[in-house]
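**Student:** The structure that follows is given in the form of structure tokens.
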Amino acid sequence: MTRVDFYQIESDEPTLDFTCRLIETIYRQGLKVYVHAESQQQAQQLDDLLWTFRADRFIPHSLHGESDRAPILIGFDKDPDCHKEVLVNLCGAVPNFFSQFDRVTEVLPKDKVKREATRNNYKFYQERGYPLRYHNIQSN
């Protein structure tokens, strides 16, 4: 059964910066990641940020559809056809393909409106009996 982790950001760290740190941690564990962004613009922003995130460590990634060989894929409008280990969900709603993954990570931004949407996701998973874990992120 898919495990779901929630990461609630309580610091002033921008959501995409935290997401880069999360992606790096998962990647260093040897897992493949599919990031489900809320829009093409957000997917592109994350792609750009990952190129410069760590000067001393490259995180191999690509936008979904450009190359599926990178261990980190970033998409926004499609069901990924590969990379079924970890889903990083940034879109605010539960994607209909989430259960294809071993693990789902939901990022709760500091923004109250977006946070409420992610709380609804928590209720969705909870009502269906998925194992849930919560992480309170105070600072980077």
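Chain labels run A, B, ... following the order of the structure tokens; each chain numbers its residues from 1, and ligands are numbered from 1 in the order shown.
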Name all residues at most 10 Å from Asp111 in chain A (count only C-alpha atoms; drop same-chain ones fewer than 3 positions away) and give them as a PyMOL selection string.
**Tutor:** chain A and resi 9+15+108+114-116
**Student:** Counting only C-alpha atoms, what is within 7 Å of Gln40 in chain A, bar same-chain residues fewer than 3 positions away, as a list in words?
**Tutor:**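 Contacts, in chain order: Ala43, Gln44 and Phe76 of chain A.
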**Student:** Looking only at the backbone, which of the residues in range 55-126 of chain A does DSSP tag as strand (DSSP E or B), as a PyMOL selection string?
**Tutor:** chain A and resi 61-63+72-75+86-89+103-108
**Student:** Residues of the last selection are to be written out with C-alpha atoms, as a compact mmCIF listing (two decimals), in the first residue's frame.
**Tutor:**
# COMPACT_ATOMS: atom_id res chain seq x y z
CA HIS A 61 16.38 15.65 -13.82
CA SER A 62 14.25 16.50 -16.83
CA LEU A 63 10.79 17.64 -17.73
CA ILE A 72 13.91 12.87 -11.46
CA LEU A 73 11.01 13.70 -13.79
CA ILE A 74 8.91 16.84 -13.50
CA GLY A 75 5.45 16.95 -15.04
CA VAL A 86 8.14 8.32 -5.18
CA LEU A 87 5.58 10.92 -6.17
CA VAL A 88 6.18 14.48 -4.97
CA ASN A 89 2.80 16.14 -5.27
CA ARG A 103 5.35 6.53 -1.63
CA VAL A 104 3.66 9.92 -2.00
CA THR A 105 5.02 13.11 -0.52
CA GLU A 106 2.75 16.11 -0.08
CA VAL A 107 4.30 19.53 0.58
CA LEU A 108 2.20 21.91 2.71
**Student:** Write down as an NGL selection string the residues of chain A whose backbone DSSP state falls under alpha helix (DSSP H).
**Tutor:** :A and (15-28 or 40-52 or 112-127)
**Student:** Using only C-alpha atoms, pick whichever of A:Lys112, A:Arg133, A:His36, A:Arg21 has the shortest atom-to-atom distance to His83 in chain A.
**Tutor:**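 Between A:Lys112, A:Arg133, A:His36, A:Arg21, the residue approaching His83 in chain A most closely is A:His36.
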**Student:** Leu31 in chain A: which residues within 8 Å, counting only C-alpha atoms, same-chain residues fewer than 5 positions away excluded, as a list in words?
**Tutor:**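 Using only C-alpha atoms, the neighbours found are Ile26, Pro71, Glu85 and Val86 of chain A.
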**Student:** If you keep C-alpha atoms, can you produce a file of those selected residues as a PDB file, in the first residue's frame?
**Tutor:**
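The result, stored in selection.pdb:
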ATOM      1  CA  ILE A  26      15.063  11.087  -1.973  1.00  0.00           C
ATOM      2  CA  PRO A  71      15.917   9.707 -12.206  1.00  0.00           C
ATOM      3  CA  GLU A  85       8.787   4.830  -6.633  1.00  0.00           C
ATOM      4  CA  VAL A  86       8.139   8.317  -5.176  1.00  0.00           C
TER       5      VAL A  86
END
**Student:** Could you name the residues that touch Asp12 in chain A at 8 Å or less, counting only C-alpha atoms, but leaving out those on the same chain fewer than 2 positions away, as a list in words?
**Tutor:**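 Listing them by chain and then by number gives Ile9, Glu10, Pro14, Lys110 and Ser139 of chain A.
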**Student:** Taking N, CA and C atoms for each residue, export the selection above as a CSV table (one decimal), in the first residue's frame.
**Tutor:**
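Resulting contents of part.csv:
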chain,number,residue,atom,x,y,z
A,9,ILE,N,5.7,23.1,5.9
A,9,ILE,CA,6.7,24.1,6.0
A,9,ILE,C,6.2,25.2,7.0
A,10,GLU,N,7.0,25.4,8.0
A,10,GLU,CA,6.7,26.5,9.0
A,10,GLU,C,7.7,27.6,9.0
A,14,PRO,N,11.1,29.2,0.7
A,14,PRO,CA,10.1,29.1,-0.4
A,14,PRO,C,9.8,27.6,-0.7
A,110,LYS,N,3.4,27.4,3.3
A,110,LYS,CA,3.0,28.3,4.3
A,110,LYS,C,1.7,29.1,3.9
A,139,SER,N,12.8,24.9,9.9
A,139,SER,CA,13.8,25.8,9.2
A,139,SER,C,14.7,24.9,8.3
